[in-house]
Amino acid sequence: MTQKLIDAITEMREADALQITEDLLDGGTSPLDILEACRNAMEVIGDRFEAGDCFVPELILAGEMLNEISEVIKPRLEEAMASEKVARVVIGTVEGDIHDIAKDIVAFMLDINGFEVTDLGVDVPPQKFVDAVKETNASIVGLSGFLTLAYDPMKDTVAALKNAGLDVKIMVGGGQIDEHIREYTGADAYGRDAMAAVALARQWTGENK
Ligand code: B12
């Protein structure tokens, strides 16, 4: 059923993708299945990009389509999920890195699962994370990064948060990040995907819904 949506996204048919999303929701398809279809579509586009079969404008358009689809499904997901916020999370893509499609999905999933999310955007310097944690009193920080060049800014951000004496749990994730890199950065945990981020946040807040 969701194959039509995957096709519309990968064929860059923006209006169709939105219409199909509405139709799927009206037909009873779960918003989570729609998110999974978006992830599959992004995988196809990522493979094409790496094979030289599509280019930067397509990647940017795909990112915009995913944002629009997220906006359409968000109200439906919120209806089904808890509305009371359980804890505060600060998230961002670390300094030097502008990949935000995946970070947006993680922020979105945390949000609809009851976490109050402050999204600092992309290319975020360490001090900005420190300031945001102080301002929001967040107990969890999520660092996203896709570039090899993001490892050091991630490490610097973890160090800045620790040096500021803040009592936060830090999770890292993104394309190239794994347990090895987590250890290098000094973060508390690595999450493979948005559901892992939600599971970690729940574990850290004692929330086991
Ligand atoms: C889309 C894309 C872009 C887009 C980004 C658009 C956007 N708005 O984000 C654009 C075109 C802008 C771009 C630019 C560049 N890119 Co690029 N890009 C990609 C691509 C194709 C897909 C990444 C993506 O969004 N995947 C979709 C997401 C949804 O998939 P996902 O990873 O499964 O998502 C989950 C996890 O990542 C996890 N997660 C993510 N963050 C977090 C955080 C936490 C806390 C947790 C727990 C989990 C978590 O949860 C997500 C949701 O489930 C990848 C290749 C690839 N296949 O990964 C290259 C790739 C990441 N890019 C790459 C490069 C080199 C660049 C450029 C330097 C290219 C250039 N020469 O200009 C620039 C970087 C500029 C910069 N300073 O950042 C390289 C990185 C190589 C490296 N080792 O450093 C890659 C791997 C391509 C390649 N093979 O060469 N890119």
# chains A, B, ... in the order shown; residues from 1 in each chain; ligands from 1
$ residues_around --residues "Asp100 in chain A" --least-positions-apart "6" --cutoff "10 Å" --atoms "only C-alpha atoms" --output "PyMOL selection string"
chain A and resi 63+92-93+106+121-123+144-146+174
$ select_by_dssp --residues "range 31-60 of chain A" --states "helix (DSSP H, G or I)" --output "ChimeraX atom specification"
/A:31-50,56-60
$ closest_atom_pairs --of "chain A" --to "ligand 1" --cutoff "7 Å" --atoms "only C-alpha atoms and all ligand atoms" --output "Markdown table"
| residue | atom | partner | partner_atom_place_in_ligand_line | distance |
| --- | --- | --- | --- | --- |
| A:Arg39 | CA | ligand 1 | 29 (C) | 5.6 |
| A:Met42 | CA | ligand 1 | 27 (C) | 5.3 |
| A:Glu43 | CA | ligand 1 | 57 (N) | 6.4 |
| A:Ile45 | CA | ligand 1 | 21 (C) | 6.8 |
| A:Gly46 | CA | ligand 1 | 21 (C) | 3.9 |
| A:Asp47 | CA | ligand 1 | 57 (N) | 5.9 |
| A:Phe49 | CA | ligand 1 | 21 (C) | 5.8 |
| A:Glu50 | CA | ligand 1 | 89 (N) | 5.7 |
| A:Val56 | CA | ligand 1 | 11 (C) | 4.4 |
| A:Leu59 | CA | ligand 1 | 1 (C) | 5.1 |
| A:Ile60 | CA | ligand 1 | 6 (C) | 5.1 |
| A:Gly63 | CA | ligand 1 | 8 (N) | 5.3 |
| A:Gly96 | CA | ligand 1 | 77 (N) | 5.1 |
| A:Asp97 | CA | ligand 1 | 78 (O) | 3.4 |
| A:Ile98 | CA | ligand 1 | 78 (O) | 3.7 |
| A:His99 | CA | ligand 1 | 9 (O) | 3.4 |
| A:Asp100 | CA | ligand 1 | 9 (O) | 3.8 |
| A:Ile101 | CA | ligand 1 | 9 (O) | 4.1 |
| A:Ala102 | CA | ligand 1 | 29 (C) | 3.9 |
| A:Lys103 | CA | ligand 1 | 41 (N) | 4.5 |
| A:Ile105 | CA | ligand 1 | 52 (C) | 5.3 |
| A:Val106 | CA | ligand 1 | 52 (C) | 5.4 |
| A:Gly142 | CA | ligand 1 | 45 (C) | 3.8 |
| A:Leu143 | CA | ligand 1 | 45 (C) | 4.7 |
| A:Ser144 | CA | ligand 1 | 43 (C) | 3.9 |
| A:Gly145 | CA | ligand 1 | 41 (N) | 6.2 |
| A:Phe146 | CA | ligand 1 | 61 (C) | 4.8 |
| A:Leu147 | CA | ligand 1 | 84 (O) | 3.3 |
| A:Thr148 | CA | ligand 1 | 84 (O) | 3.9 |
| A:Leu149 | CA | ligand 1 | 84 (O) | 6.0 |
| A:Met171 | CA | ligand 1 | 45 (C) | 4.7 |
| A:Val172 | CA | ligand 1 | 45 (C) | 4.0 |
| A:Gly173 | CA | ligand 1 | 49 (C) | 3.6 |
| A:Gly174 | CA | ligand 1 | 37 (O) | 3.4 |
| A:Gly175 | CA | ligand 1 | 32 (O) | 4.3 |
| A:Gln176 | CA | ligand 1 | 83 (N) | 6.5 |
| A:Tyr190 | CA | ligand 1 | 47 (C) | 5.8 |
| A:Gly191 | CA | ligand 1 | 47 (C) | 3.6 |
| A:Arg192 | CA | ligand 1 | 38 (C) | 5.2 |
| A:Asp193 | CA | ligand 1 | 50 (O) | 3.3 |
| A:Ala194 | CA | ligand 1 | 53 (O) | 3.9 |
| A:Met195 | CA | ligand 1 | 53 (O) | 6.7 |
| A:Ala196 | CA | ligand 1 | 47 (C) | 6.1 |
| A:Ala197 | CA | ligand 1 | 47 (C) | 4.1 |
$ atom_distance --atom1 "CA of Pro31 in chain A" --atom2 "CA of Ile177 in chain A"
27.1 Å
$ atom_distance --atom1 "CA of Lys74 in chain A" --atom2 "CA of Ala8 in chain A"
19.8 Å
$ select_by_dssp --residues "chain A" --states "strand (DSSP E)" --output "CSV table (one decimal) with N, CA, C and O atoms, in the first residue's frame"
chain,number,residue,atom,x,y,z
A,87,ALA,N,9.7,14.8,29.5
A,87,ALA,CA,11.1,15.3,29.8
A,87,ALA,C,11.5,16.2,28.7
A,87,ALA,O,10.9,16.2,27.6
A,88,ARG,N,12.5,17.0,28.9
A,88,ARG,CA,13.0,18.0,27.9
A,88,ARG,C,14.2,17.4,27.2
A,88,ARG,O,15.2,16.9,27.9
A,89,VAL,N,14.3,17.6,25.9
A,89,VAL,CA,15.4,17.2,25.1
A,89,VAL,C,15.9,18.3,24.3
A,89,VAL,O,15.1,19.0,23.7
A,90,VAL,N,17.2,18.5,24.2
A,90,VAL,CA,17.8,19.4,23.3
A,90,VAL,C,18.5,18.6,22.2
A,90,VAL,O,19.3,17.7,22.5
A,91,ILE,N,18.2,19.0,20.9
A,91,ILE,CA,18.8,18.2,19.8
A,91,ILE,C,19.4,19.1,18.8
A,91,ILE,O,18.9,20.3,18.6
A,92,GLY,N,20.4,18.7,18.0
A,92,GLY,CA,20.9,19.5,16.9
A,92,GLY,C,21.9,18.7,16.1
A,92,GLY,O,22.4,17.6,16.6
A,93,THR,N,22.2,19.2,14.9
A,93,THR,CA,23.3,18.6,14.1
A,93,THR,C,24.6,19.4,14.5
A,93,THR,O,24.5,20.6,14.5
A,115,PHE,N,8.1,13.9,24.5
A,115,PHE,CA,9.2,14.7,25.0
A,115,PHE,C,9.1,16.1,24.4
A,115,PHE,O,8.7,16.3,23.3
A,116,GLU,N,9.5,17.0,25.3
A,116,GLU,CA,9.5,18.4,24.8
A,116,GLU,C,10.9,18.7,24.2
A,116,GLU,O,11.9,18.7,24.8
A,117,VAL,N,10.8,18.9,22.9
A,117,VAL,CA,12.1,19.0,22.1
A,117,VAL,C,12.4,20.4,21.7
A,117,VAL,O,11.6,21.1,21.1
A,118,THR,N,13.7,20.8,22.0
A,118,THR,CA,14.2,22.1,21.5
A,118,THR,C,15.2,21.7,20.4
A,118,THR,O,16.2,21.1,20.7
A,119,ASP,N,14.9,22.1,19.2
A,119,ASP,CA,15.7,21.7,18.0
A,119,ASP,C,16.6,22.9,17.7
A,119,ASP,O,16.0,23.9,17.2
A,140,ILE,N,18.2,15.6,28.6
A,140,ILE,CA,18.8,14.8,27.6
A,140,ILE,C,19.2,15.6,26.4
A,140,ILE,O,18.6,16.6,26.0
A,141,VAL,N,20.4,15.3,25.8
A,141,VAL,CA,20.9,16.0,24.6
A,141,VAL,C,21.1,14.9,23.5
A,141,VAL,O,21.6,13.8,23.7
A,142,GLY,N,20.6,15.3,22.3
A,142,GLY,CA,20.8,14.4,21.1
A,142,GLY,C,21.7,15.1,20.1
A,142,GLY,O,21.4,16.2,19.7
A,143,LEU,N,22.8,14.5,19.8
A,143,LEU,CA,23.8,15.0,18.8
A,143,LEU,C,23.7,14.2,17.5
A,143,LEU,O,23.9,13.0,17.5
A,144,SER,N,23.4,14.9,16.4
A,144,SER,CA,23.4,14.2,15.1
A,144,SER,C,24.5,14.6,14.3
A,144,SER,O,25.0,15.8,14.3
A,169,LYS,N,22.1,13.4,30.0
A,169,LYS,CA,22.5,12.2,29.4
A,169,LYS,C,22.6,12.6,27.9
A,169,LYS,O,21.7,13.3,27.3
A,170,ILE,N,23.7,12.1,27.2
A,170,ILE,CA,23.9,12.5,25.8
A,170,ILE,C,23.8,11.3,24.9
A,170,ILE,O,24.5,10.3,25.1
A,171,MET,N,23.0,11.4,23.8
A,171,MET,CA,23.0,10.3,22.8
A,171,MET,C,23.5,10.9,21.5
A,171,MET,O,23.3,12.0,21.2
A,172,VAL,N,24.2,10.0,20.7
A,172,VAL,CA,24.6,10.4,19.4
A,172,VAL,C,24.1,9.5,18.4
A,172,VAL,O,23.8,8.3,18.6
A,173,GLY,N,24.0,10.0,17.1
A,173,GLY,CA,23.6,9.1,16.0
A,173,GLY,C,23.7,9.8,14.7
A,173,GLY,O,24.1,11.0,14.6
A,189,ALA,N,25.4,7.2,25.0
A,189,ALA,CA,24.8,6.1,24.2
A,189,ALA,C,24.7,6.5,22.7
A,189,ALA,O,24.7,7.7,22.4
A,190,TYR,N,24.7,5.4,21.9
A,190,TYR,CA,24.5,5.6,20.5
A,190,TYR,C,23.1,5.0,20.1
A,190,TYR,O,22.7,4.0,20.7
$ closest_residue --among "A:Ala150, A:Val133, A:Cys54, A:Val198" --to "Val168 in chain A" --atoms "only C-alpha atoms"
A:Val133
$ atom_distance --atom1 "CA of Ala107 in chain A" --atom2 "CA of Glu11 in chain A"
26.1 Å
$ closest_residue --among "A:Ser70, A:Val130, A:Gly114, A:Ala15" --to "Gly165 in chain A" --atoms "only C-alpha atoms"
A:Val130
